[in-house]
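The file start24.cif comes next; it holds mmCIF, C-alpha atoms.
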```
data_start
#
loop_
_atom_site.label_atom_id
_atom_site.label_comp_id
_atom_site.auth_asym_id
_atom_site.auth_seq_id
_atom_site.Cartn_x
_atom_site.Cartn_y
_atom_site.Cartn_z
CA MET A 256 -22.03 -82.21 -13.60
CA SER A 257 -18.95 -80.17 -12.64
CA ILE A 258 -19.62 -77.77 -15.53
CA LEU A 259 -23.22 -77.22 -14.34
CA ARG A 260 -22.04 -76.66 -10.77
CA ALA A 261 -19.47 -74.07 -11.95
CA ALA A 262 -22.13 -72.21 -13.99
CA LEU A 263 -24.48 -72.06 -11.00
CA THR A 264 -21.63 -70.76 -8.81
CA LEU A 265 -20.88 -67.96 -11.30
CA LEU A 266 -24.54 -66.95 -11.44
CA LEU A 267 -24.74 -66.83 -7.64
CA VAL A 268 -21.59 -64.71 -7.35
CA GLY A 269 -22.88 -62.30 -9.99
CA ALA A 270 -26.23 -61.95 -8.26
CA LEU A 271 -24.57 -61.23 -4.91
CA ALA A 272 -22.29 -58.65 -6.52
CA GLY A 273 -25.30 -56.97 -8.12
CA CYS A 274 -27.12 -56.82 -4.77
CA GLY A 275 -24.05 -55.28 -3.18
CA SER A 276 -23.85 -52.45 -5.72
CA TRP A 277 -27.62 -51.78 -5.37
CA GLN A 278 -27.39 -51.43 -1.61
CA LYS A 279 -24.16 -49.43 -1.36
CA ASN A 280 -25.02 -46.92 -4.12
CA PRO A 281 -21.35 -45.82 -4.60
CA LYS A 282 -20.47 -42.14 -4.54
CA GLY A 283 -21.17 -40.50 -7.88
CA ALA A 284 -23.55 -43.27 -8.98
CA ARG A 285 -27.05 -42.31 -10.10
CA LYS A 286 -29.70 -42.65 -7.36
CA ILE A 287 -32.46 -45.19 -7.87
CA LEU A 288 -35.20 -42.80 -6.66
CA ALA A 289 -35.18 -39.12 -7.60
CA SER A 290 -35.77 -36.48 -4.91
CA ALA A 291 -39.34 -35.25 -4.56
CA ARG A 292 -39.95 -31.98 -6.43
CA MET A 293 -42.81 -29.54 -6.83
CA SER A 294 -45.07 -30.11 -9.80
CA GLN A 295 -44.35 -27.69 -12.63
CA ASP A 296 -47.85 -26.20 -12.39
CA ALA A 297 -47.61 -25.67 -8.61
CA VAL A 298 -47.31 -22.31 -6.86
CA VAL A 299 -46.53 -21.41 -3.25
CA LEU A 300 -48.76 -18.87 -1.50
CA GLU A 301 -48.24 -17.25 1.88
CA LEU A 302 -51.58 -16.55 3.60
CA VAL A 303 -51.73 -14.10 6.50
CA SER A 304 -54.77 -13.01 8.51
CA ILE A 305 -54.31 -9.95 10.75
CA HIS A 306 -56.95 -9.68 13.49
CA LEU A 307 -57.57 -6.11 14.70
CA PRO A 308 -59.91 -4.53 17.26
CA LEU A 309 -63.00 -3.06 15.60
CA GLN A 310 -62.07 0.47 16.66
CA HIS A 311 -58.58 0.30 15.11
CA ARG A 312 -58.29 2.45 11.98
CA SER A 313 -54.71 3.71 11.69
CA LEU A 314 -53.27 0.59 10.01
CA ASP A 315 -55.92 0.83 7.27
CA GLU A 316 -55.11 4.49 6.69
CA VAL A 317 -51.43 3.67 6.16
CA LEU A 318 -52.02 0.46 4.20
CA TRP A 319 -54.50 1.71 1.61
CA ARG A 320 -52.22 4.59 0.63
CA GLU A 321 -49.84 1.93 -0.73
CA VAL A 322 -52.30 -0.63 -2.13
CA ASP A 323 -53.18 -0.38 -5.84
CA GLU A 324 -56.93 -0.90 -6.23
CA GLN A 325 -56.87 0.07 -9.91
CA LEU A 326 -55.52 -3.35 -10.93
CA LEU A 327 -59.09 -4.63 -10.58
CA SER A 328 -61.61 -3.63 -13.22
CA HIS A 329 -64.00 -0.78 -12.43
CA ALA A 330 -67.01 -3.12 -12.58
CA VAL A 331 -65.45 -5.51 -10.04
CA ARG A 332 -64.51 -2.65 -7.69
CA VAL A 333 -68.08 -1.35 -7.80
CA ARG A 334 -69.59 -4.78 -7.03
CA LEU A 335 -67.17 -5.33 -4.16
CA ALA A 336 -67.77 -1.86 -2.70
CA GLU A 337 -71.55 -2.34 -2.86
CA ASN A 338 -71.11 -5.45 -0.71
CA GLY A 339 -68.66 -3.97 1.79
CA ILE A 340 -65.47 -5.57 0.43
CA ARG A 341 -62.19 -3.80 -0.30
CA CYS A 342 -59.40 -5.33 -2.39
CA GLY A 343 -56.14 -4.34 -4.07
CA VAL A 344 -52.55 -5.37 -4.79
CA LEU A 345 -49.50 -4.40 -2.75
CA GLY A 346 -46.03 -4.31 -4.32
CA GLY A 347 -42.98 -6.10 -2.97
CA ALA A 348 -42.21 -3.70 -0.10
CA PHE A 349 -44.66 -3.52 2.82
CA PRO A 350 -45.45 -0.20 4.53
CA ALA A 351 -43.47 0.20 7.77
CA ALA A 352 -46.62 0.06 9.91
CA LEU A 353 -47.64 -3.28 8.37
CA SER A 354 -44.14 -4.71 8.80
CA GLU A 355 -44.27 -3.76 12.49
CA VAL A 356 -47.52 -5.68 12.93
CA LEU A 357 -46.23 -8.77 11.10
CA LYS A 358 -43.02 -8.82 13.13
CA GLY A 359 -44.85 -8.30 16.43
CA ARG A 360 -43.01 -5.10 17.36
CA LYS A 361 -44.17 -2.50 19.82
CA PRO A 362 -46.46 0.18 18.35
CA SER A 363 -44.94 3.18 16.64
CA GLU A 364 -46.47 6.66 16.67
CA LYS A 365 -48.64 5.67 13.70
CA LEU A 366 -50.25 2.92 15.79
CA GLN A 367 -50.66 4.73 19.10
CA GLN A 368 -54.45 4.47 18.89
CA LEU A 369 -54.15 0.98 20.37
CA ASP A 370 -53.96 0.82 24.17
CA ASP A 371 -52.81 -2.80 24.19
CA ARG A 372 -50.52 -4.16 21.48
CA ASN A 373 -51.61 -7.70 22.35
CA GLN A 374 -55.02 -6.94 20.89
CA ILE A 375 -53.51 -7.50 17.44
CA SER A 376 -52.89 -11.11 16.43
CA VAL A 377 -51.36 -12.50 13.24
CA HIS A 378 -52.15 -15.95 11.82
CA ALA A 379 -49.98 -17.17 8.94
CA LYS A 380 -49.53 -20.31 6.88
CA ARG A 381 -47.86 -21.38 3.65
CA ILE A 382 -49.60 -23.56 1.06
CA GLN A 383 -48.69 -25.24 -2.21
CA ASN A 384 -51.44 -25.23 -4.82
CA ARG A 385 -51.69 -26.72 -8.32
CA SER A 386 -53.27 -25.17 -11.39
CA GLY A 387 -57.06 -24.94 -11.19
CA VAL A 388 -57.34 -26.75 -7.83
CA VAL A 389 -59.60 -24.96 -5.33
CA HIS A 390 -58.03 -24.22 -1.95
CA ARG A 391 -60.62 -23.15 0.63
CA TYR A 392 -59.23 -20.73 3.19
CA LEU A 393 -61.33 -20.50 6.35
CA LEU A 394 -61.72 -16.94 7.60
CA SER A 395 -62.73 -18.13 11.07
CA ASP A 396 -62.57 -21.33 13.09
CA THR A 397 -65.83 -20.33 14.80
CA VAL A 398 -69.08 -21.88 13.54
CA ASN A 399 -71.99 -19.41 13.64
CA GLU A 400 -75.23 -21.02 14.78
CA GLU A 401 -77.01 -18.62 12.42
CA LEU A 402 -75.40 -16.31 9.88
CA HIS A 403 -77.48 -13.61 8.17
CA ALA A 404 -75.79 -12.71 4.88
CA PHE A 405 -76.90 -10.02 2.42
CA THR A 406 -75.67 -9.22 -1.09
CA LEU A 407 -76.43 -6.27 -3.34
CA THR A 408 -76.39 -6.70 -7.12
CA ASN A 409 -77.54 -3.96 -9.51
CA GLY A 410 -79.42 -2.28 -6.70
CA ARG A 411 -81.24 -5.48 -5.75
CA LEU A 412 -80.80 -6.64 -2.15
CA GLN A 413 -80.90 -10.37 -1.44
CA GLY A 414 -80.50 -12.10 1.89
CA ARG A 415 -80.51 -15.52 3.45
CA THR A 416 -79.91 -17.12 6.84
CA TYR A 417 -77.37 -19.97 6.97
CA PRO A 418 -77.37 -22.41 9.92
CA LYS A 419 -74.06 -23.55 11.42
CA ALA A 420 -72.11 -21.42 8.97
CA GLN A 421 -68.47 -20.56 8.33
CA CYS A 422 -67.11 -17.99 5.87
CA LEU A 423 -64.19 -18.77 3.60
CA LEU A 424 -62.40 -17.81 0.41
CA GLY A 425 -62.21 -20.28 -2.49
CA MET A 426 -58.87 -19.71 -4.24
CA GLN A 427 -57.55 -21.01 -7.57
CA THR A 428 -54.17 -20.33 -9.17
CA TYR A 429 -53.19 -20.52 -12.84
CA PRO A 430 -49.42 -20.21 -13.51
CA GLN A 431 -48.35 -18.21 -16.58
CA LEU A 432 -45.22 -18.64 -18.70
CA ASP A 433 -43.83 -15.23 -17.69
CA GLY A 434 -43.59 -16.24 -14.03
CA THR A 435 -46.84 -14.56 -12.96
CA ILE A 436 -50.06 -16.26 -11.89
CA LYS A 437 -53.73 -15.60 -12.43
CA LEU A 438 -55.40 -15.64 -9.03
CA LEU A 439 -59.13 -16.28 -8.79
CA ILE A 440 -60.98 -15.76 -5.49
CA VAL A 441 -64.68 -16.37 -4.75
CA PRO A 442 -66.29 -15.70 -1.32
CA GLU A 443 -68.12 -18.77 0.01
CA ILE A 444 -70.19 -19.87 2.99
CA GLU A 445 -70.21 -23.48 4.19
CA HIS A 446 -73.26 -24.31 6.23
CA GLY A 447 -75.43 -27.06 7.72
CA GLU A 448 -74.45 -30.55 8.79
CA SER A 449 -71.81 -32.66 7.07
CA ARG A 450 -73.17 -35.47 4.97
CA GLN A 451 -71.74 -38.02 2.56
CA ARG A 452 -71.83 -36.98 -1.08
CA TRP A 453 -69.94 -37.36 -4.35
CA VAL A 454 -67.23 -34.71 -4.65
CA GLY A 455 -65.52 -33.87 -7.94
CA GLU A 456 -61.84 -32.88 -7.71
CA GLU A 457 -59.11 -32.75 -10.39
CA GLY A 458 -61.14 -34.69 -12.93
CA SER A 459 -62.19 -37.49 -10.58
CA PHE A 460 -64.98 -38.18 -8.09
CA ARG A 461 -64.85 -39.51 -4.55
CA TYR A 462 -67.35 -40.10 -1.77
CA ALA A 463 -66.67 -37.73 1.14
CA ALA A 464 -68.35 -35.90 4.01
CA ARG A 465 -69.08 -32.30 3.04
CA ARG A 466 -71.36 -29.50 4.12
CA ASP A 467 -73.51 -27.42 1.80
CA ASN A 468 -71.64 -24.63 0.07
CA GLN A 469 -72.88 -21.24 -1.16
CA ARG A 470 -70.58 -19.51 -3.69
CA PHE A 471 -70.91 -15.79 -4.47
CA ASP A 472 -69.68 -15.88 -8.06
CA LYS A 473 -70.88 -12.34 -8.81
CA LEU A 474 -68.23 -11.14 -6.34
CA ARG A 475 -65.42 -13.08 -8.02
CA ILE A 476 -61.99 -11.42 -7.85
CA GLU A 477 -59.54 -12.06 -10.68
CA THR A 478 -56.08 -10.53 -10.88
CA ILE A 479 -52.46 -11.12 -11.94
CA LEU A 480 -49.73 -11.46 -9.30
CA ARG A 481 -45.96 -11.40 -9.75
CA PRO A 482 -43.68 -13.15 -7.24
CA GLY A 483 -43.45 -10.93 -4.17
CA GLN A 484 -46.75 -9.14 -4.80
CA THR A 485 -49.58 -9.42 -2.27
CA LEU A 486 -53.35 -9.31 -2.67
CA VAL A 487 -55.01 -7.44 0.22
CA LEU A 488 -58.61 -8.22 1.21
CA THR A 489 -60.75 -6.80 4.01
CA ASN A 490 -64.10 -5.15 4.67
CA GLN A 491 -65.17 -1.56 4.01
CA ILE A 492 -65.14 -0.03 7.49
CA ASP A 493 -68.54 1.10 8.80
CA GLN A 494 -70.36 -0.53 5.88
CA ALA A 495 -72.77 -3.46 6.05
CA GLY A 496 -72.96 -6.27 3.51
CA LEU A 497 -71.23 -9.56 2.87
CA GLY A 498 -67.85 -8.00 3.67
CA LYS A 499 -68.91 -7.62 7.28
CA GLN A 500 -69.90 -11.29 7.53
CA LEU A 501 -66.61 -12.35 5.91
CA PHE A 502 -64.13 -10.22 7.82
CA VAL A 503 -65.77 -9.15 11.13
CA GLU A 504 -66.33 -11.24 14.23
CA SER A 505 -68.39 -9.63 16.98
CA ASP A 506 -69.19 -10.87 20.46
CA ASN A 507 -70.39 -9.50 23.79
CA GLY A 508 -66.89 -8.38 24.74
CA GLY A 509 -66.26 -6.38 21.57
CA GLY A 510 -65.11 -7.77 18.28
CA LYS A 511 -62.34 -8.23 15.73
CA ARG A 512 -61.96 -7.50 12.06
CA LYS A 513 -59.53 -9.16 9.67
CA ILE A 514 -57.16 -8.03 6.96
CA VAL A 515 -56.17 -10.96 4.71
CA LEU A 516 -52.87 -10.95 2.78
CA ILE A 517 -52.24 -13.43 -0.04
CA ARG A 518 -48.62 -13.26 -1.25
CA LEU A 519 -47.16 -15.13 -4.22
CA ALA A 520 -43.92 -16.65 -2.89
CA GLN A 521 -42.93 -19.03 -5.70
CA THR A 522 -44.03 -20.32 -9.09
CA GLN A 523 -42.52 -23.15 -11.16
CA LEU A 524 -43.30 -22.34 -14.78
CA ASP A 525 -40.54 -20.89 -16.94
CA GLU A 526 -41.03 -19.72 -20.53
CA LEU A 527 -37.65 -21.25 -21.50
CA PHE A 528 -39.12 -24.71 -21.16
CA THR A 529 -42.16 -26.40 -22.61
CA PRO A 530 -44.91 -26.28 -19.96
CA PRO A 531 -47.13 -29.22 -19.08
CA ARG A 532 -50.79 -29.20 -19.95
CA THR A 533 -52.45 -27.18 -17.21
CA LYS A 534 -56.05 -26.28 -16.64
CA SER A 535 -57.14 -23.18 -18.50
CA MET A 536 -58.55 -20.12 -16.77
CA PRO A 537 -62.37 -20.07 -16.75
#
```

Is it possible to express this structure as structure tokens?
Amino acid sequence: MSILRAALTLLLVGALAGCGSWQKNPKGARKILASARMSQDAVVLELVSIHLPLQHRSLDEVLWREVDEQLLSHAVRVRLAENGIRCGVLGGAFPAALSEVLKGRKPSEKLQQLDDRNQISVHAKRIQNRSGVVHRYLLSDTVNEELHAFTLTNGRLQGRTYPKAQCLLGMQTYPQLDGTIKLLIVPEIEHGESRQRWVGEEGSFRYAARRDNQRFDKLRIETILRPGQTLVLTNQIDQAGLGKQLFVESDNGGGKRKIVLIRLAQTQLDELFTPPRTKSMP
């Protein structure tokens, strides 16, 4: 009986000692739970929307002297131009005029066309996106009761009216082993009332409330970005088309137009290591 009691005592002491070491986690000991880290196929994008008065032109004149539009294929540039959209890639350094706007400084001589500096507003956010996952970036928080959108393809004009509509950009990223990413952007319009439906995301389906969605795949933008590079998107000034619906907001008191900047801030893949299986580029 005494032998059994001694054995039980030893087991109890050992268990208590084990609990003590678990709770204290002595210095230098390996942690039970590892720190949260980004997935290896994740990238970080900085999204900036600059809202300008409709009559403001000088920032565009400075900006597009620095933006490289030739990185997009000729066919894509033609389709975008036909529909009032302008797009290109900006290197690591921003033009001084753009930096002034982003930092909220007073206008320089290049921006003296504006009477009131407060007419310019900048909206920025930072997102983390995984390979092939669609991130939908709303171009406006305002819901249009009726939106009349027109597209031109091969000289053929098509139009449609969308009730309770909002314009957005559907974005997908595909990290590459050399540290770059493939960036895919498709203009979209969400419209109508929300209703329950099956939604497919990342290989699975779930039941969620969604509105109808119109994608403009013929205006798809596909390019390569290196860390620090920025994709610039806006409308062709004084030109009608889908670009005007996407980037211009008009009201009785005037209106605003937007310049959207999409900057690659960080990517995880490194060619020195074996990458995980990521979704391939369509």

Shell around Ala379 (chain A) at 12 Å using only C-alpha atoms, local window under 6 positions removed, as a ChimeraX atom specification: /A:300-306,357-358,392,394,514-518

Per residue of region 475-501 of chain A within 10 Å of region 440-443 of chain A, note the shortest atom pair and the distance in Å to one decimal, counting all atoms listed in the file, and order the rows by chain and increasing residue number, as a tab-separated table.
```
residue	atom	partner	partner_atom	distance
A:Arg475	CA	A:Val441	CA	4.7
A:Ile476	CA	A:Ile440	CA	5.0
A:Glu477	CA	A:Ile440	CA	6.5
A:Thr478	CA	A:Ile440	CA	9.0
A:Leu497	CA	A:Pro442	CA	8.9
A:Gly498	CA	A:Pro442	CA	9.3
A:Leu501	CA	A:Pro442	CA	8.0
```

Selection under test: the PyMOL selection byres ((chain A and resi 341) around 7); residues as a list in words: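 Written out, the selection comes to Leu335, Ala336, Gly339, Ile340, Cys342, Leu488, Thr489, Asn490 and Gln491 of chain A.
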
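Among A:Met426, A:Leu402, A:Leu318, A:Leu474, the residue with the shortest atom-to-atom distance to Leu345 (chain A), counting only C-alpha atoms, is A:Leu318.
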
Exercise: residues within 6 Å of coordinate (-69.2, -24.9, 5.4), counting all atoms listed in the file, as a VMD selection string: chain A and resid 420 to 421 444 to 446 466 468

Counting all atoms listed in the file, the option among A:Glu355, A:Thr406, A:Ala297, A:Ser395 closest to Gly496 (chain A):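 Looking only at the distances to Gly496 (chain A), the closest residue turns out to be A:Thr406.
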
Pairwise distance for CA of Lys437 (chain A) and CA of Val298 (chain A), rounded to one decimal in Å: 10.8 Å

Point (-50.2, -8.2, -2.9), cut-off 8 Å, counting only C-alpha atoms, residues as a ChimeraX atom specification: /A:322,343-347,480,483-487,516-519

For the residues selected in the previous step, produce a file with C-alpha atoms as a compact mmCIF listing (two decimals), in the frame of the given file.
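Okay, selection_33.txt is ready:
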```
# COMPACT_ATOMS: atom_id res chain seq x y z
CA VAL A 322 -52.30 -0.63 -2.13
CA GLY A 343 -56.14 -4.34 -4.07
CA VAL A 344 -52.55 -5.37 -4.79
CA LEU A 345 -49.50 -4.40 -2.75
CA GLY A 346 -46.03 -4.31 -4.32
CA GLY A 347 -42.98 -6.10 -2.97
CA LEU A 480 -49.73 -11.46 -9.30
CA GLY A 483 -43.45 -10.93 -4.17
CA GLN A 484 -46.75 -9.14 -4.80
CA THR A 485 -49.58 -9.42 -2.27
CA LEU A 486 -53.35 -9.31 -2.67
CA VAL A 487 -55.01 -7.44 0.22
CA LEU A 516 -52.87 -10.95 2.78
CA ILE A 517 -52.24 -13.43 -0.04
CA ARG A 518 -48.62 -13.26 -1.25
CA LEU A 519 -47.16 -15.13 -4.22
```

For Arg332 (chain A), the nearest of the candidates A:Val317, A:Arg381, A:Lys473, A:Leu393, counting all atoms listed in the file: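 Smallest distance to Arg332 (chain A) is found for A:Lys473.
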
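As for CA of Lys499 (chain A) and CA of Ala351 (chain A), they are spaced 26.6 Å apart.
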
Best match for closeness to Thr397 (chain A) among A:Pro430, A:Glu316, A:Gln325, A:Cys422, counting all atoms listed in the file: A:Cys422
